[in-house]
$ cat coords_32.pdb   # PDB, C-alpha atoms
ATOM      1  CA  MET A 576      27.130  28.789  17.853
ATOM      2  CA  LYS A 577      28.941  31.324  20.040
ATOM      3  CA  PHE A 578      27.404  34.801  20.341
ATOM      4  CA  GLN A 579      24.174  33.472  18.862
ATOM      5  CA  SER A 580      21.976  35.562  21.161
ATOM      6  CA  ILE A 581      23.617  38.798  19.950
ATOM      7  CA  LEU A 582      23.630  37.738  16.300
ATOM      8  CA  LYS A 583      19.928  36.885  16.510
ATOM      9  CA  ILE A 584      19.364  40.582  17.246
ATOM     10  CA  PHE A 585      21.885  42.076  14.812
ATOM     11  CA  ILE A 586      21.167  39.953  11.722
ATOM     12  CA  PRO A 587      17.396  40.627  11.477
ATOM     13  CA  ILE A 588      18.128  44.344  11.820
ATOM     14  CA  ILE A 589      20.707  44.095   9.030
ATOM     15  CA  ALA A 590      18.200  42.285   6.811
ATOM     16  CA  ILE A 591      15.446  44.844   7.461
ATOM     17  CA  LEU A 592      17.670  47.896   6.977
ATOM     18  CA  ALA A 593      19.233  46.408   3.818
ATOM     19  CA  LEU A 594      15.768  45.629   2.446
ATOM     20  CA  PHE A 595      14.706  49.221   3.074
ATOM     21  CA  SER A 596      17.919  50.739   1.711
ATOM     22  CA  ALA A 597      18.052  48.657  -1.476
ATOM     23  CA  SER A 598      14.319  49.121  -2.140
ATOM     24  CA  MET A 599      14.622  52.889  -1.803
ATOM     25  CA  GLY A 600      17.618  52.879  -4.126
ATOM     26  CA  LEU A 601      15.715  50.968  -6.792
ATOM     27  CA  PHE A 602      12.179  52.283  -6.455
ATOM     28  CA  ASP A 603      12.512  55.931  -5.375
ATOM     29  CA  LYS A 604      11.243  57.678  -8.507
ATOM     30  CA  THR A 605      11.755  61.313  -7.500
ATOM     31  CA  ASN A 606      11.394  63.226 -10.767
ATOM     32  CA  GLY A 607      14.293  65.085 -12.282
ATOM     33  CA  GLU A 608      16.652  65.247 -15.213
ATOM     34  CA  PRO A 609      20.379  64.517 -15.481
ATOM     35  CA  PHE A 610      22.585  67.572 -15.739
ATOM     36  CA  ALA A 611      26.219  68.220 -16.615
ATOM     37  CA  PHE A 612      28.753  69.149 -13.970
ATOM     38  CA  THR A 613      32.473  69.928 -14.021
ATOM     39  CA  SER A 614      34.337  69.015 -10.849
ATOM     40  CA  HIS A 615      37.022  71.212  -9.300
ATOM     41  CA  ARG A 616      39.583  68.881 -10.909
ATOM     42  CA  GLY A 617      38.127  69.535 -14.351
ATOM     43  CA  GLU A 618      36.399  66.175 -14.695
ATOM     44  CA  GLU A 619      33.188  66.471 -16.722
ATOM     45  CA  VAL A 620      30.413  64.213 -15.455
ATOM     46  CA  MET A 621      26.647  63.810 -15.730
ATOM     47  CA  ILE A 622      24.775  64.033 -12.417
ATOM     48  CA  ASN A 623      21.892  61.577 -12.080
ATOM     49  CA  GLY A 624      19.387  64.260 -10.998
ATOM     50  CA  ARG A 625      16.639  61.894  -9.837
ATOM     51  CA  GLY A 626      15.688  59.337  -7.196
ATOM     52  CA  LEU A 627      17.599  58.530  -4.044
ATOM     53  CA  TYR A 628      20.928  58.878  -5.838
ATOM     54  CA  TYR A 629      20.069  62.383  -7.083
ATOM     55  CA  PHE A 630      23.518  63.918  -6.519
ATOM     56  CA  ASP A 631      25.536  60.912  -7.679
ATOM     57  CA  THR A 632      26.740  60.686 -11.252
ATOM     58  CA  ILE A 633      24.734  58.601 -13.714
ATOM     59  CA  SER A 634      27.548  56.061 -13.677
ATOM     60  CA  SER A 635      27.677  55.877  -9.866
ATOM     61  CA  ALA A 636      23.892  55.673  -9.548
ATOM     62  CA  ALA A 637      23.785  52.823 -12.065
ATOM     63  CA  GLN A 638      26.445  50.971 -10.078
ATOM     64  CA  GLN A 639      24.636  51.521  -6.788
ATOM     65  CA  GLN A 640      21.340  50.315  -8.223
ATOM     66  CA  GLY A 641      23.061  47.247  -9.635
ATOM     67  CA  ASN A 642      24.378  46.575  -6.154
ATOM     68  CA  ASP A 643      20.885  47.106  -4.725
ATOM     69  CA  MET A 644      19.536  44.455  -7.115
ATOM     70  CA  VAL A 645      22.062  41.897  -5.889
ATOM     71  CA  THR A 646      21.427  42.805  -2.242
ATOM     72  CA  LEU A 647      17.694  42.186  -2.685
ATOM     73  CA  SER A 648      17.894  39.088  -4.852
ATOM     74  CA  VAL A 649      20.982  37.357  -3.424
ATOM     75  CA  GLY A 650      22.401  39.085  -0.345
ATOM     76  CA  ILE A 651      19.335  39.152   1.903
ATOM     77  CA  PRO A 652      18.081  35.627   1.017
ATOM     78  CA  LEU A 653      21.598  34.267   1.564
ATOM     79  CA  LEU A 654      21.821  36.083   4.900
ATOM     80  CA  ILE A 655      18.546  34.523   6.063
ATOM     81  CA  ILE A 656      19.337  30.993   4.873
ATOM     82  CA  SER A 657      22.915  30.969   6.172
ATOM     83  CA  SER A 658      21.796  32.355   9.555
ATOM     84  CA  TRP A 659      19.205  29.604   9.914
ATOM     85  CA  LEU A 660      21.824  26.948   9.107
ATOM     86  CA  ALA A 661      24.480  28.511  11.354
ATOM     87  CA  PHE A 662      22.142  28.793  14.334
ATOM     88  CA  ARG A 663      21.391  25.083  13.950
ATOM     89  CA  GLY A 664      25.091  24.351  14.368
ATOM     90  CA  SER A 665      26.062  23.833  10.729
ATOM     91  CA  LEU A 666      29.705  24.628   9.965
ATOM     92  CA  ARG A 667      28.815  25.216   6.323
ATOM     93  CA  GLY A 668      26.154  27.639   7.501
ATOM     94  CA  LYS A 669      28.672  29.501   9.681
ATOM     95  CA  LEU A 670      31.143  29.813   6.812
ATOM     96  CA  LEU A 671      28.418  31.001   4.466
ATOM     97  CA  LEU A 672      27.047  33.452   7.040
ATOM     98  CA  THR A 673      30.466  34.940   7.745
ATOM     99  CA  GLY A 674      31.169  35.395   4.035
ATOM    100  CA  THR A 675      27.737  36.945   3.478
ATOM    101  CA  LEU A 676      28.321  39.380   6.332
ATOM    102  CA  GLY A 677      31.624  40.224   4.660
ATOM    103  CA  TYR A 678      29.641  41.246   1.595
ATOM    104  CA  PHE A 679      27.315  43.472   3.637
ATOM    105  CA  LEU A 680      30.284  44.948   5.498
ATOM    106  CA  TYR A 681      32.111  45.839   2.288
ATOM    107  CA  THR A 682      28.965  47.118   0.559
ATOM    108  CA  TYR A 683      27.812  49.474   3.289
ATOM    109  CA  MET A 684      31.295  50.593   4.223
ATOM    110  CA  SER A 685      31.627  51.803   0.641
ATOM    111  CA  MET A 686      28.147  53.349   0.580
ATOM    112  CA  SER A 687      28.792  55.180   3.865
ATOM    113  CA  MET A 688      31.903  56.782   2.394
ATOM    114  CA  LEU A 689      31.250  56.946  -1.342
ATOM    115  CA  THR A 690      27.557  57.610  -1.952
ATOM    116  CA  MET A 691      26.668  61.284  -2.108
ATOM    117  CA  PHE A 692      24.935  62.370   1.101
ATOM    118  CA  ASN A 693      21.245  61.460   0.995
ATOM    119  CA  PRO A 694      18.408  60.761   3.492
ATOM    120  CA  LEU A 695      19.645  57.202   4.100
ATOM    121  CA  PHE A 696      23.125  58.168   5.298
ATOM    122  CA  LEU A 697      22.505  56.940   8.858
ATOM    123  CA  VAL A 698      21.015  53.715   7.486
ATOM    124  CA  TYR A 699      24.253  53.080   5.585
ATOM    125  CA  VAL A 700      26.291  53.838   8.714
ATOM    126  CA  GLY A 701      24.066  51.554  10.801
ATOM    127  CA  LEU A 702      24.441  48.725   8.302
ATOM    128  CA  PHE A 703      28.197  49.283   8.180
ATOM    129  CA  GLY A 704      28.503  49.086  11.968
ATOM    130  CA  LEU A 705      26.133  46.151  12.477
ATOM    131  CA  SER A 706      27.777  44.184   9.654
ATOM    132  CA  LEU A 707      31.245  44.907  11.029
ATOM    133  CA  TYR A 708      30.493  43.692  14.560
ATOM    134  CA  SER A 709      28.423  40.733  13.358
ATOM    135  CA  PHE A 710      31.308  39.725  11.090
ATOM    136  CA  ILE A 711      33.769  39.951  13.990
ATOM    137  CA  LEU A 712      31.505  37.872  16.248
ATOM    138  CA  CYS A 713      31.134  35.224  13.544
ATOM    139  CA  MET A 714      34.907  35.064  13.056
ATOM    140  CA  LEU A 715      35.369  34.627  16.807
ATOM    141  CA  SER A 716      32.815  31.797  16.902
ATOM    142  CA  PHE A 717      35.042  29.292  15.050
ATOM    143  CA  ASP A 718      37.104  26.716  16.942
ATOM    144  CA  LEU A 719      40.473  27.086  15.207
ATOM    145  CA  LYS A 720      41.911  24.012  16.939
ATOM    146  CA  THR A 721      39.493  21.644  15.234
ATOM    147  CA  LEU A 722      38.659  23.591  12.056
ATOM    148  CA  PRO A 723      41.323  22.052   9.746
ATOM    149  CA  LEU A 724      40.162  18.563  10.761
ATOM    150  CA  GLN A 725      36.690  19.356   9.446
ATOM    151  CA  PHE A 726      37.956  19.840   5.886
ATOM    152  CA  SER A 727      38.664  16.857   3.650
ATOM    153  CA  SER A 728      42.315  16.044   2.971
ATOM    154  CA  ARG A 729      41.338  15.946  -0.722
ATOM    155  CA  LEU A 730      40.521  19.664  -0.756
ATOM    156  CA  PRO A 731      42.455  21.187  -3.717
ATOM    157  CA  ARG A 732      44.234  23.761  -1.583
ATOM    158  CA  SER A 733      46.738  24.751  -4.263
ATOM    159  CA  TRP A 734      43.990  25.430  -6.803
ATOM    160  CA  ILE A 735      41.974  27.551  -4.376
ATOM    161  CA  ALA A 736      45.086  29.431  -3.233
ATOM    162  CA  GLY A 737      45.935  30.067  -6.898
ATOM    163  CA  LEU A 738      42.479  31.569  -7.405
ATOM    164  CA  LEU A 739      42.981  33.884  -4.424
ATOM    165  CA  PHE A 740      46.354  34.995  -5.766
ATOM    166  CA  ALA A 741      44.791  35.610  -9.202
ATOM    167  CA  VAL A 742      42.055  37.807  -7.705
ATOM    168  CA  ALA A 743      44.683  39.781  -5.774
ATOM    169  CA  ALA A 744      46.853  40.211  -8.892
ATOM    170  CA  PHE A 745      43.907  41.355 -11.015
ATOM    171  CA  LEU A 746      42.738  43.960  -8.493
ATOM    172  CA  LEU A 747      46.285  45.181  -7.948
ATOM    173  CA  ALA A 748      46.888  45.610 -11.687
ATOM    174  CA  ALA A 749      43.450  47.112 -12.418
ATOM    175  CA  TRP A 750      43.501  49.715  -9.650
ATOM    176  CA  LEU A 751      47.162  50.700  -9.983
ATOM    177  CA  GLY A 752      46.444  51.161 -13.682
ATOM    178  CA  LEU A 753      43.976  53.894 -12.670
ATOM    179  CA  ILE A 754      45.948  55.402  -9.819
ATOM    180  CA  ILE A 755      49.504  55.633 -11.165
ATOM    181  CA  PRO A 756      48.665  57.671 -14.318
ATOM    182  CA  ALA A 757      46.712  60.087 -12.112
ATOM    183  CA  LEU A 758      49.657  60.402  -9.715
ATOM    184  CA  MET A 759      51.998  61.016 -12.634
ATOM    185  CA  GLY A 760      49.721  63.814 -13.826
ATOM    186  CA  SER A 761      49.238  62.277 -17.255
ATOM    187  CA  LYS A 762      45.433  62.262 -16.995
ATOM    188  CA  VAL A 763      42.560  63.668 -14.939
ATOM    189  CA  PRO A 764      41.704  61.186 -12.145
ATOM    190  CA  ALA A 765      38.511  59.278 -12.987
ATOM    191  CA  LEU A 766      36.896  60.053  -9.636
ATOM    192  CA  GLN A 767      33.265  60.419 -10.771
ATOM    193  CA  ASN A 768      32.914  63.641  -8.733
ATOM    194  CA  THR A 769      34.129  61.979  -5.506
ATOM    195  CA  THR A 770      37.054  63.116  -3.390
ATOM    196  CA  THR A 771      39.401  60.184  -3.987
ATOM    197  CA  PHE A 772      39.659  56.533  -5.069
ATOM    198  CA  VAL A 773      37.561  55.083  -2.229
ATOM    199  CA  ILE A 774      36.911  51.594  -3.640
ATOM    200  CA  GLN A 775      40.504  51.285  -4.778
ATOM    201  CA  ALA A 776      41.734  52.241  -1.298
ATOM    202  CA  MET A 777      39.435  49.642   0.278
ATOM    203  CA  ASP A 778      40.521  46.908  -2.118
ATOM    204  CA  LEU A 779      44.235  47.640  -1.860
ATOM    205  CA  THR A 780      44.193  47.699   1.953
ATOM    206  CA  LEU A 781      41.556  45.031   2.689
ATOM    207  CA  ILE A 782      40.883  42.699  -0.227
ATOM    208  CA  VAL A 783      44.285  42.270  -1.904
ATOM    209  CA  PRO A 784      46.267  41.580   1.312
ATOM    210  CA  LEU A 785      43.483  39.294   2.599
ATOM    211  CA  ALA A 786      43.512  37.223  -0.595
ATOM    212  CA  ILE A 787      47.290  36.818  -0.461
ATOM    213  CA  LEU A 788      47.350  36.038   3.265
ATOM    214  CA  ALA A 789      44.500  33.522   2.966
ATOM    215  CA  GLY A 790      46.186  31.781   0.045
ATOM    216  CA  VAL A 791      49.571  31.502   1.806
ATOM    217  CA  LEU A 792      48.028  30.238   5.064
ATOM    218  CA  LEU A 793      45.825  27.747   3.199
ATOM    219  CA  LEU A 794      48.892  26.283   1.477
ATOM    220  CA  ARG A 795      50.480  25.914   4.918
ATOM    221  CA  ARG A 796      47.359  24.076   6.202
ATOM    222  CA  SER A 797      46.878  26.760   8.856
ATOM    223  CA  ALA A 798      43.474  26.949  10.551
ATOM    224  CA  TRP A 799      43.371  30.636   9.678
ATOM    225  CA  GLY A 800      44.021  29.703   6.060
ATOM    226  CA  TYR A 801      40.967  27.433   5.896
ATOM    227  CA  LEU A 802      38.826  30.078   7.593
ATOM    228  CA  LEU A 803      40.017  33.145   5.668
ATOM    229  CA  ALA A 804      39.971  31.343   2.319
ATOM    230  CA  SER A 805      36.420  30.095   2.909
ATOM    231  CA  VAL A 806      35.159  33.499   4.015
ATOM    232  CA  PHE A 807      36.938  35.258   1.147
ATOM    233  CA  VAL A 808      35.458  32.927  -1.467
ATOM    234  CA  MET A 809      31.913  33.219  -0.063
ATOM    235  CA  LYS A 810      32.162  37.001   0.130
ATOM    236  CA  THR A 811      33.660  37.335  -3.353
ATOM    237  CA  ILE A 812      30.744  35.496  -4.985
ATOM    238  CA  ALA A 813      28.230  38.104  -3.817
ATOM    239  CA  LEU A 814      30.639  40.952  -4.502
ATOM    240  CA  GLY A 815      31.436  39.608  -7.967
ATOM    241  CA  LEU A 816      27.729  39.331  -8.744
ATOM    242  CA  ALA A 817      27.249  42.904  -7.557
ATOM    243  CA  VAL A 818      30.078  44.249  -9.727
ATOM    244  CA  SER A 819      28.797  42.278 -12.722
ATOM    245  CA  MET A 820      25.297  43.670 -12.210
ATOM    246  CA  MET A 821      26.761  47.160 -11.827
ATOM    247  CA  SER A 822      28.449  46.820 -15.214
ATOM    248  CA  ILE A 823      25.264  45.562 -16.861
ATOM    249  CA  ASN A 824      23.196  48.344 -15.309
ATOM    250  CA  MET A 825      25.753  50.932 -16.435
ATOM    251  CA  ARG A 826      25.289  49.738 -20.028
ATOM    252  CA  PHE A 827      21.531  50.236 -19.734
ATOM    253  CA  ALA A 828      22.202  53.723 -18.341
ATOM    254  CA  GLY A 829      24.359  54.565 -21.352
ATOM    255  CA  VAL A 830      27.677  54.668 -19.489
ATOM    256  CA  PRO A 831      29.200  51.256 -20.255
ATOM    257  CA  ASP A 832      32.027  50.012 -18.101
ATOM    258  CA  SER A 833      35.291  48.836 -19.627
ATOM    259  CA  LEU A 834      35.203  45.220 -20.814
ATOM    260  CA  ALA A 835      38.684  44.889 -19.313
ATOM    261  CA  ILE A 836      37.013  45.278 -15.900
ATOM    262  CA  MET A 837      33.624  43.667 -16.593
ATOM    263  CA  VAL A 838      34.788  40.379 -18.128
ATOM    264  CA  PRO A 839      37.384  39.513 -15.438
ATOM    265  CA  PHE A 840      34.822  40.119 -12.706
ATOM    266  CA  LEU A 841      32.398  37.733 -14.423
ATOM    267  CA  VAL A 842      35.160  35.127 -14.590
ATOM    268  CA  ILE A 843      36.070  35.761 -10.933
ATOM    269  CA  THR A 844      32.434  35.290  -9.903
ATOM    270  CA  ILE A 845      32.113  31.961 -11.714
ATOM    271  CA  ALA A 846      35.481  30.702 -10.446
ATOM    272  CA  ASN A 847      34.657  31.622  -6.842
ATOM    273  CA  LEU A 848      31.230  29.988  -7.142
ATOM    274  CA  PHE A 849      32.940  26.761  -8.181
ATOM    275  CA  ALA A 850      35.488  27.121  -5.369
ATOM    276  CA  ALA A 851      32.676  27.670  -2.848
ATOM    277  CA  VAL A 852      30.973  24.450  -3.917
ATOM    278  CA  VAL A 853      34.264  22.563  -3.585
ATOM    279  CA  LEU A 854      34.955  24.069  -0.160
ATOM    280  CA  LEU A 855      31.494  23.418   1.235
ATOM    281  CA  ARG A 856      31.421  19.852  -0.091
ATOM    282  CA  SER A 857      34.750  19.164   1.600
ATOM    283  CA  VAL A 858      33.404  20.126   5.040
ATOM    284  CA  THR A 859      32.501  17.487   7.585
ATOM    285  CA  GLU A 860      29.784  18.734   9.910
ATOM    286  CA  PRO A 861      30.109  18.375  13.706
ATOM    287  CA  ASP A 862      27.736  15.379  13.577
ATOM    288  CA  GLY A 863      30.186  13.667  11.231
ATOM    289  CA  LYS A 864      28.070  14.029   8.098
ATOM    290  CA  SER A 865      29.366  15.262   4.784
ATOM    291  CA  PRO A 866      27.556  15.439   1.436
TER     292      PRO A 866
END

$ encode --input "coords_32.pdb" --output "structure tokens"
Amino acid sequence: MKFQSILKIFIPIIAILALFSASMGLFDKTNGEPFAFTSHRGEEVMINGRGLYYFDTISSAAQQQGNDMVTLSVGIPLLIISSWLAFRGSLRGKLLLTGTLGYFLYTYMSMSMLTMFNPLFLVYVGLFGLSLYSFILCMLSFDLKTLPLQFSSRLPRSWIAGLLFAVAAFLLAAWLGLIIPALMGSKVPALQNTTTFVIQAMDLTLIVPLAILAGVLLLRRSAWGYLLASVFVMKTIALGLAVSMMSINMRFAGVPDSLAIMVPFLVITIANLFAAVVLLRSVTEPDGKSP
């Protein structure tokens, strides 16, 4: 695998920092009590008032802890397993590793910019940077000339592309449904005491266009289509699990998320898990073996 010597340094650091960050988020039991706060926009929220996420709202803290659970239970183990496979020359391992790094990149980009300032700020920034450059190196390690030949001709490209388009359409509709009423002045923006719609901005500039582009290129049998679709599906599984766990944790915290958001993300997670199995089973490894 290209750039293996660099990735062998970066990935263990990512795993260690993520283990530390997620553990602190879940197990820091600094005493305190939630308290009410009215933002300068007039939004009334409850501040968590305890633990690492002391200055975040109860809702935001519940979401971040849900994400921490998935990072510990799924993200880090997947990072370790996929790295081991990728470093042995497995194409499936490389695809899985790149998608997993996409999850870490998205997660710690959002935490660097969205989580209220706390003692782990530089840890979030470090994870963001290391995940970004590791992701880029993994993307550059693929041989695009031969990549399409390593996928079975029976791969249901139209079905997978349809799934990508559906994810893009759902995110577009869900986030514009929050943003447009706020722009029209018909309601107070649901910002949870943050400055702006950070996640929505990330999804509308990164995730939605990527899903559409990957789907179109996959239908055209482009090498980039096979690569981007595979990475998107792998990344979306972990992200979907994280969002689902966020919603569940919010219910335990007494601030339930909308079922209109929670249920589609559960469906997206299951659909992408199925698509990942199909994609990985369609891959022929460099030694000519396929499952």

$ closest_atom_pairs --input "coords_32.pdb" --of "region 647-674 of chain A" --to "region 702-726 of chain A" --cutoff "9 Å" --atoms "only C-alpha atoms" --output "tab-separated table"
residue	atom	partner	partner_atom	distance
A:Leu666	CA	A:Phe717	CA	8.7
A:Lys669	CA	A:Cys713	CA	7.3
A:Leu670	CA	A:Cys713	CA	8.6
A:Leu672	CA	A:Cys713	CA	7.9
A:Thr673	CA	A:Cys713	CA	5.8
A:Gly674	CA	A:Phe710	CA	8.3

$ resolve_selection --input "coords_32.pdb" --expression "the PyMOL selection byres ((chain A and resi 617) around 12)" --output "list in words"
Phe612, Thr613, Ser614, His615, Arg616, Glu618, Glu619, Val620, Lys762, Val763, Pro764, Ala765, Leu766, Gln767 and Asn768 of chain A

$ resolve_selection --input "coords_32.pdb" --expression "the PyMOL selection byres ((chain A and resi 685) around 12)" --output "ChimeraX atom specification"
/A:635,638-639,642,678-684,686-691,696,699-700,702-703,772-778

$ resolve_selection --input "coords_32.pdb" --expression "the PyMOL selection byres ((chain A and resi 805) around 12)" --output "PyMOL selection string"
chain A and resi 666-675+677+714+722-723+726+730+732+735-736+739+785-786+789-790+792-793+798-804+806-812+847-848+850-858

$ atom_distance --input "coords_32.pdb" --atom1 "CA of Pro609 (chain A)" --atom2 "CA of Gly624 (chain A)"
4.6 Å

$ atom_distance --input "coords_32.pdb" --atom1 "CA of Leu841 (chain A)" --atom2 "CA of Ala741 (chain A)"
13.6 Å

$ atom_distance --input "coords_32.pdb" --atom1 "CA of Ser797 (chain A)" --atom2 "CA of Ser727 (chain A)"
13.9 Å

$ residues_near_point --input "coords_32.pdb" --point "(17.0, 43.3, 3.1)" --cutoff "10 Å" --atoms "only C-alpha atoms" --output "list in words"
Pro587, Ile588, Ile589, Ala590, Ile591, Leu592, Ala593, Leu594, Phe595, Ser596, Ala597, Ser598, Asp643, Thr646, Leu647, Ser648, Val649, Gly650, Ile651, Pro652, Leu654 and Ile655 of chain A

$ closest_residue --input "coords_32.pdb" --among "A:Leu788, A:Pro731, A:Phe840, A:Met576" --to "Leu660 (chain A)" --atoms "all atoms listed in the file"
A:Met576

$ closest_residue --input "coords_32.pdb" --among "A:Ile656, A:Ala813, A:Ala846, A:Ile823" --to "Gly737 (chain A)" --atoms "only C-alpha atoms"
A:Ala846

$ residues_near_point --input "coords_32.pdb" --point "(35.0, 39.0, -11.7)" --cutoff "10 Å" --atoms "only C-alpha atoms" --output "ChimeraX atom specification"
/A:742,745-746,811-812,814-819,836-847

$ write_last_selection --input "coords_32.pdb" --atoms "C-alpha atoms" --output "JSON list (two decimals), in the frame of the given file"
[["chain", "number", "residue", "atom", "x", "y", "z"],
["A", 742, "VAL", "CA", 42.06, 37.81, -7.70],
["A", 745, "PHE", "CA", 43.91, 41.36, -11.02],
["A", 746, "LEU", "CA", 42.74, 43.96, -8.49],
["A", 811, "THR", "CA", 33.66, 37.34, -3.35],
["A", 812, "ILE", "CA", 30.74, 35.50, -4.99],
["A", 814, "LEU", "CA", 30.64, 40.95, -4.50],
["A", 815, "GLY", "CA", 31.44, 39.61, -7.97],
["A", 816, "LEU", "CA", 27.73, 39.33, -8.74],
["A", 817, "ALA", "CA", 27.25, 42.90, -7.56],
["A", 818, "VAL", "CA", 30.08, 44.25, -9.73],
["A", 819, "SER", "CA", 28.80, 42.28, -12.72],
["A", 836, "ILE", "CA", 37.01, 45.28, -15.90],
["A", 837, "MET", "CA", 33.62, 43.67, -16.59],
["A", 838, "VAL", "CA", 34.79, 40.38, -18.13],
["A", 839, "PRO", "CA", 37.38, 39.51, -15.44],
["A", 840, "PHE", "CA", 34.82, 40.12, -12.71],
["A", 841, "LEU", "CA", 32.40, 37.73, -14.42],
["A", 842, "VAL", "CA", 35.16, 35.13, -14.59],
["A", 843, "ILE", "CA", 36.07, 35.76, -10.93],
["A", 844, "THR", "CA", 32.43, 35.29, -9.90],
["A", 845, "ILE", "CA", 32.11, 31.96, -11.71],
["A", 846, "ALA", "CA", 35.48, 30.70, -10.45],
["A", 847, "ASN", "CA", 34.66, 31.62, -6.84]]

$ closest_residue --input "coords_32.pdb" --among "A:Asn606, A:Ser634, A:Trp659, A:Phe740" --to "Ile586 (chain A)" --atoms "only C-alpha atoms"
A:Trp659

$ closest_residue --input "coords_32.pdb" --among "A:Phe585, A:Ser728, A:Thr780, A:Met821" --to "Arg796 (chain A)" --atoms "all atoms listed in the file"
A:Ser728

$ axis_aligned_box --input "coords_32.pdb" --around "region 706-724 of chain A" --padding-each-side "5 Å" --output "lines of an AutoDock Vina configuration file"
center_x = 34.8
center_y = 31.7
center_z = 13.3
size_x = 24.1
size_y = 36.3
size_z = 17.3
